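A short write-up of the structure that comes next.
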Amino acid sequence: MSAITHHIPEDMMAAYAAGTLPHPYAMVVAAHISLCSECRAALGAYHAVGGALLEKTANIAVTNSLKSNVMAMLDAPVQPKPVYDSQGIYPGPVMEALHGRSPRWKTLGMGVKQSILSETDSGSVRLLYIPAGQAVPDHSHNGLELTLVLQGSFSDETGRFGVGDVEIGDEDLEHTPIADAGDACICLAATDAPLRFNAFVPRLLQPFFRI
Amino acid sequence: MPVQAPQMSQATVWLVAVRDQRDKDAFGALFDYFAPRLKGFIMRSGTGAAQAEEIVQDVMLTVWRKAEMFDPHRAQASAWIYQIARNRQIDIIRKESRPIPDELAQDPEAEPDASQILAFDQEAEQLKTALDLLQPDQKEMIEKAYLGDLTHQEISVQTGLPLGTVKSRIRLGLNRLRRELKGLR
């Protein structure tokens, strides 16, 4: 695997560690950290700050019964929550969003496919499949878009992005990513607003495709 | 040889005893130390006392059940518990499963490396000292970013500071923390 050169920016990592990053971005950050030991170490440093703050937080006494309740529950059998391990190119947090199944691809035309993992009013996160040599539909964003490469690579006006790299696009970035030769490029993409496609998918069809 | 060998932090000793011996006395000690801190921490993000106790219970049970995942070579006890608390808090309050990275596999053959564990523990102590040396406004911003369930946007509404100022103050605070840590090393 080639070395990861595009990482999670510091303020985003701090927000993820603090738990304040919106869910779609948090999934991209968690998936990136699964692939990137440098950012895993950075997250550890932010957790250390969180731990120090926790230790220095003013105590508030818990009710007397809480400890005896907890002690009594230690040996109770528990139904473990399913743990989703990484599978192939998909890190654990993506497998969890997929409920352990393979992505259900929906074609967008020209060989480009997507599989929506979650979509709410506050944002969406999806897998994108782009055949080698194919352009991702020319688009700009209303808000912030994070794109993590899981397979293959793509290049655009700002550089080349390989497996593990994260591209951060804000509203000013109008770019045309093109999948490089080789394997089809598969990305995890999160936005806090619908993408605006400038060509390829007419604006009128966007609600239909949910992009 | 140092005159007095540095000791592993008490919390690390308890947590390792819970992990390796399923030691309930050690767990009780962990509970006594962390439960009131967790309650204070969770209530600072606007959660009521009753729900805060539910979350504390959930966090402490998770500590017991997931203790096998604790690796003192990778995280301090307080950092590990902080991360569990944040995950449980978000799952319970937002009713969504917070995405978390794949766990790194532990090497069962690996021998414990006391110097690395001690280095982590000392870093935690130094961080606490450094927090006390921050300017009050920097400390307040870092506490709000970490303890409150608040986005940067929401902090600026609450404090009446523009977003840029909040971000730069958090960054200044974090940079200052790093410098203090270097100075203490």
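Chain identifiers are assigned as A, B, and so on, following the order in which chains appear in the structure tokens; residues are numbered from 1 within each chain, and ligands are numbered from 1 in order of appearance.
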Find the residues of chain A in contact range of chain B, meaning any atom within 7 Å when counting only C-alpha atoms, and list them as an mmCIF file with N, CA and C atoms, in the first residue's frame.
```
data_model
loop_
_atom_site.group_PDB
_atom_site.id
_atom_site.type_symbol
_atom_site.label_atom_id
_atom_site.label_comp_id
_atom_site.auth_asym_id
_atom_site.auth_seq_id
_atom_site.Cartn_x
_atom_site.Cartn_y
_atom_site.Cartn_z
ATOM 1 N N ALA A 18 -13.777 14.822 20.665
ATOM 2 C CA ALA A 18 -14.721 15.384 21.628
ATOM 3 C C ALA A 18 -16.137 14.887 21.369
ATOM 4 N N GLY A 19 -16.355 14.238 20.241
ATOM 5 C CA GLY A 19 -17.680 13.702 19.937
ATOM 6 C C GLY A 19 -18.627 14.721 19.343
ATOM 7 N N THR A 20 -18.094 15.848 18.876
ATOM 8 C CA THR A 20 -18.967 16.898 18.363
ATOM 9 C C THR A 20 -19.035 16.928 16.841
ATOM 10 N N ALA A 26 -17.920 11.862 10.987
ATOM 11 C CA ALA A 26 -17.331 10.969 11.989
ATOM 12 C C ALA A 26 -17.057 9.597 11.371
ATOM 13 N N MET A 27 -17.928 9.165 10.440
ATOM 14 C CA MET A 27 -17.701 7.862 9.817
ATOM 15 C C MET A 27 -16.435 7.892 8.954
ATOM 16 N N ALA A 30 -13.426 7.921 11.326
ATOM 17 C CA ALA A 30 -13.203 6.598 11.931
ATOM 18 C C ALA A 30 -12.625 5.626 10.900
ATOM 19 N N ALA A 31 -13.101 5.712 9.655
ATOM 20 C CA ALA A 31 -12.595 4.818 8.606
ATOM 21 C C ALA A 31 -11.140 5.159 8.279
ATOM 22 N N ILE A 33 -8.908 6.594 10.306
ATOM 23 C CA ILE A 33 -8.045 6.184 11.425
ATOM 24 C C ILE A 33 -7.816 4.668 11.386
ATOM 25 N N SER A 34 -8.829 3.924 10.929
ATOM 26 C CA SER A 34 -8.661 2.471 10.807
ATOM 27 C C SER A 34 -7.506 2.126 9.875
ATOM 28 N N GLY A 44 -5.223 9.404 19.870
ATOM 29 C CA GLY A 44 -4.818 9.027 21.219
ATOM 30 C C GLY A 44 -4.413 10.248 22.034
ATOM 31 N N HIS A 47 -7.500 12.059 23.063
ATOM 32 C CA HIS A 47 -8.163 11.327 24.148
ATOM 33 C C HIS A 47 -7.431 11.556 25.467
ATOM 34 N N ALA A 48 -6.106 11.677 25.394
ATOM 35 C CA ALA A 48 -5.340 11.912 26.622
ATOM 36 C C ALA A 48 -5.738 13.243 27.253
ATOM 37 N N VAL A 49 -5.955 14.265 26.391
ATOM 38 C CA VAL A 49 -6.421 15.554 26.923
ATOM 39 C C VAL A 49 -7.804 15.369 27.547
ATOM 40 N N GLY A 50 -8.671 14.627 26.849
ATOM 41 C CA GLY A 50 -10.006 14.359 27.384
ATOM 42 C C GLY A 50 -9.934 13.645 28.729
ATOM 43 N N GLY A 51 -9.007 12.678 28.820
ATOM 44 C CA GLY A 51 -8.851 11.930 30.075
ATOM 45 C C GLY A 51 -8.374 12.830 31.211
ATOM 46 N N ALA A 52 -7.434 13.734 30.888
ATOM 47 C CA ALA A 52 -6.927 14.654 31.915
ATOM 48 C C ALA A 52 -8.057 15.575 32.400
ATOM 49 N N LEU A 54 -11.245 14.873 32.289
ATOM 50 C CA LEU A 54 -12.172 14.036 33.063
ATOM 51 C C LEU A 54 -11.689 13.909 34.505
ATOM 52 N N GLU A 55 -10.376 13.666 34.674
ATOM 53 C CA GLU A 55 -9.848 13.502 36.034
ATOM 54 C C GLU A 55 -9.937 14.784 36.837
ATOM 55 N N THR A 57 -12.337 17.068 36.412
ATOM 56 C CA THR A 57 -13.712 17.543 36.536
ATOM 57 C C THR A 57 -14.145 17.495 37.997
ATOM 58 N N ALA A 58 -14.905 18.513 38.404
ATOM 59 C CA ALA A 58 -15.414 18.519 39.779
ATOM 60 C C ALA A 58 -16.310 17.299 39.990
ATOM 61 N N ASN A 59 -16.059 16.579 41.075
ATOM 62 C CA ASN A 59 -16.859 15.390 41.407
ATOM 63 C C ASN A 59 -18.302 15.768 41.692
ATOM 64 N N ILE A 60 -19.214 14.934 41.277
ATOM 65 C CA ILE A 60 -20.592 15.019 41.781
ATOM 66 C C ILE A 60 -20.926 13.630 42.315
ATOM 67 N N ALA A 61 -21.243 13.556 43.599
ATOM 68 C CA ALA A 61 -21.463 12.247 44.229
ATOM 69 C C ALA A 61 -22.594 11.494 43.525
ATOM 70 N N VAL A 62 -22.395 10.190 43.338
ATOM 71 C CA VAL A 62 -23.459 9.375 42.757
ATOM 72 C C VAL A 62 -24.324 8.829 43.891
ATOM 73 N N VAL A 70 -24.326 -1.636 40.086
ATOM 74 C CA VAL A 70 -23.325 -1.973 39.068
ATOM 75 C C VAL A 70 -22.581 -3.246 39.488
ATOM 76 N N LEU A 74 -22.224 -7.220 37.412
ATOM 77 C CA LEU A 74 -20.972 -7.605 36.756
ATOM 78 C C LEU A 74 -21.031 -9.017 36.179
ATOM 79 N N ASP A 85 -16.015 -6.355 11.941
ATOM 80 C CA ASP A 85 -14.605 -6.209 11.600
ATOM 81 C C ASP A 85 -14.491 -5.722 10.166
ATOM 82 N N PRO A 91 -13.273 -0.752 5.988
ATOM 83 C CA PRO A 91 -12.945 -0.753 7.418
ATOM 84 C C PRO A 91 -14.196 -1.031 8.264
ATOM 85 N N GLY A 92 -13.978 -1.402 9.529
ATOM 86 C CA GLY A 92 -15.059 -1.756 10.438
ATOM 87 C C GLY A 92 -16.217 -0.764 10.482
ATOM 88 N N PRO A 93 -15.941 0.552 10.630
ATOM 89 C CA PRO A 93 -17.064 1.489 10.719
ATOM 90 C C PRO A 93 -17.938 1.483 9.457
#
```
With only C-alpha atoms as the counted atoms, please give the residues lying no more than 8 Å from Gly162 of chain A, apart from itself and same-chain residues fewer than 5 positions off, as a PDB file with N, CA and C atoms, in the first residue's frame.
```
ATOM      1  N   SER A   2       0.515   2.207  -0.828  1.00  0.00           N
ATOM      2  CA  SER A   2       1.306   3.434  -0.852  1.00  0.00           C
ATOM      3  C   SER A   2       1.036   4.233   0.424  1.00  0.00           C
ATOM      4  N   ILE A   4       0.039   7.046   3.026  1.00  0.00           N
ATOM      5  CA  ILE A   4      -1.045   8.019   3.087  1.00  0.00           C
ATOM      6  C   ILE A   4      -0.437   9.414   3.203  1.00  0.00           C
ATOM      7  N   VAL A 149     -10.460   7.555   0.040  1.00  0.00           N
ATOM      8  CA  VAL A 149     -10.265   6.514  -0.968  1.00  0.00           C
ATOM      9  C   VAL A 149     -10.090   5.157  -0.282  1.00  0.00           C
ATOM     10  N   LEU A 150     -10.871   4.157  -0.713  1.00  0.00           N
ATOM     11  CA  LEU A 150     -10.771   2.800  -0.151  1.00  0.00           C
ATOM     12  C   LEU A 150     -10.119   1.833  -1.126  1.00  0.00           C
ATOM     13  N   GLN A 151     -10.223   2.138  -2.414  1.00  0.00           N
ATOM     14  CA  GLN A 151      -9.609   1.275  -3.442  1.00  0.00           C
ATOM     15  C   GLN A 151      -9.248   2.156  -4.629  1.00  0.00           C
ATOM     16  N   GLY A 152      -8.137   1.813  -5.322  1.00  0.00           N
ATOM     17  CA  GLY A 152      -7.732   2.596  -6.494  1.00  0.00           C
ATOM     18  C   GLY A 152      -7.270   3.989  -6.087  1.00  0.00           C
ATOM     19  N   SER A 153      -7.407   4.924  -6.987  1.00  0.00           N
ATOM     20  CA  SER A 153      -7.016   6.298  -6.669  1.00  0.00           C
ATOM     21  C   SER A 153      -7.706   7.234  -7.648  1.00  0.00           C
ATOM     22  N   PHE A 154      -7.728   8.511  -7.265  1.00  0.00           N
ATOM     23  CA  PHE A 154      -8.226   9.512  -8.208  1.00  0.00           C
ATOM     24  C   PHE A 154      -7.345  10.739  -8.153  1.00  0.00           C
TER      25      PHE A 154
END
```
Skipping near chain neighbours, those fewer than 5 positions away, what residues fall within 10 Å of Pro131 of chain A using only C-alpha atoms, listed as a PyMOL selection string? chain A and resi 110-113+136+152+178-186
Written file, previous selection with N, CA and C atoms, as a PDB file, in the first residue's frame:
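Result file is part_0.pdb:
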```
ATOM      1  N   MET A 110     -22.770   5.937 -16.837  1.00  0.00           N
ATOM      2  CA  MET A 110     -21.357   5.958 -17.216  1.00  0.00           C
ATOM      3  C   MET A 110     -20.501   5.053 -16.327  1.00  0.00           C
ATOM      4  N   GLY A 111     -21.099   4.018 -15.800  1.00  0.00           N
ATOM      5  CA  GLY A 111     -20.330   3.094 -14.970  1.00  0.00           C
ATOM      6  C   GLY A 111     -20.173   3.540 -13.529  1.00  0.00           C
ATOM      7  N   VAL A 112     -20.568   4.766 -13.217  1.00  0.00           N
ATOM      8  CA  VAL A 112     -20.455   5.269 -11.847  1.00  0.00           C
ATOM      9  C   VAL A 112     -21.628   4.725 -11.021  1.00  0.00           C
ATOM     10  N   LYS A 113     -21.302   4.255  -9.797  1.00  0.00           N
ATOM     11  CA  LYS A 113     -22.347   3.697  -8.935  1.00  0.00           C
ATOM     12  C   LYS A 113     -22.225   4.301  -7.536  1.00  0.00           C
ATOM     13  N   VAL A 136     -15.611  11.558 -11.940  1.00  0.00           N
ATOM     14  CA  VAL A 136     -16.755  11.724 -11.052  1.00  0.00           C
ATOM     15  C   VAL A 136     -17.510  12.919 -11.603  1.00  0.00           C
ATOM     16  N   GLY A 152      -8.137   1.813  -5.322  1.00  0.00           N
ATOM     17  CA  GLY A 152      -7.732   2.596  -6.494  1.00  0.00           C
ATOM     18  C   GLY A 152      -7.270   3.989  -6.087  1.00  0.00           C
ATOM     19  N   ILE A 178     -10.900  12.455 -11.363  1.00  0.00           N
ATOM     20  CA  ILE A 178     -10.903  11.398 -12.378  1.00  0.00           C
ATOM     21  C   ILE A 178     -10.206  10.183 -11.779  1.00  0.00           C
ATOM     22  N   ALA A 179     -10.880   9.021 -11.860  1.00  0.00           N
ATOM     23  CA  ALA A 179     -10.278   7.793 -11.340  1.00  0.00           C
ATOM     24  C   ALA A 179      -9.055   7.459 -12.176  1.00  0.00           C
ATOM     25  N   ASP A 180      -7.941   7.127 -11.506  1.00  0.00           N
ATOM     26  CA  ASP A 180      -6.709   6.795 -12.227  1.00  0.00           C
ATOM     27  C   ASP A 180      -6.835   5.415 -12.859  1.00  0.00           C
ATOM     28  N   ALA A 181      -5.884   5.113 -13.759  1.00  0.00           N
ATOM     29  CA  ALA A 181      -5.849   3.788 -14.397  1.00  0.00           C
ATOM     30  C   ALA A 181      -5.652   2.724 -13.324  1.00  0.00           C
ATOM     31  N   GLY A 182      -6.078   1.510 -13.603  1.00  0.00           N
ATOM     32  CA  GLY A 182      -5.930   0.423 -12.642  1.00  0.00           C
ATOM     33  C   GLY A 182      -7.290   0.016 -12.126  1.00  0.00           C
ATOM     34  N   ASP A 183      -7.321  -0.361 -10.816  1.00  0.00           N
ATOM     35  CA  ASP A 183      -8.597  -0.762 -10.224  1.00  0.00           C
ATOM     36  C   ASP A 183      -9.594   0.380 -10.265  1.00  0.00           C
ATOM     37  N   ALA A 184     -10.861   0.028 -10.324  1.00  0.00           N
ATOM     38  CA  ALA A 184     -11.899   1.046 -10.164  1.00  0.00           C
ATOM     39  C   ALA A 184     -11.671   1.742  -8.829  1.00  0.00           C
ATOM     40  N   CYS A 185     -12.021   3.024  -8.769  1.00  0.00           N
ATOM     41  CA  CYS A 185     -11.823   3.780  -7.527  1.00  0.00           C
ATOM     42  C   CYS A 185     -13.094   3.678  -6.692  1.00  0.00           C
ATOM     43  N   ILE A 186     -12.938   3.246  -5.441  1.00  0.00           N
ATOM     44  CA  ILE A 186     -14.078   3.198  -4.518  1.00  0.00           C
ATOM     45  C   ILE A 186     -13.777   4.148  -3.357  1.00  0.00           C
TER      46      ILE A 186
END
```
DSSP on the backbone: which residues in segment 58-118 of chain A end up as strand (DSSP E)? Give the answer as an MDAnalysis selection string. chainID A and resid 106:109 112:118
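One finds atom CA of Met71 of chain A at 19.7 Å from atom CA of Thr12 of chain B.
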Segment 36-201 of chain A: which residues are alpha helix (DSSP H) by DSSP, as JSON, numbers by chain? {"A": [37, 38, 39, 40, 41, 42, 43, 44, 45, 46, 47, 48, 49, 50, 51, 52, 53, 54, 55, 56, 64, 65, 66, 67, 68, 69, 70, 71, 72, 73, 92, 93, 94, 95, 96, 97]}
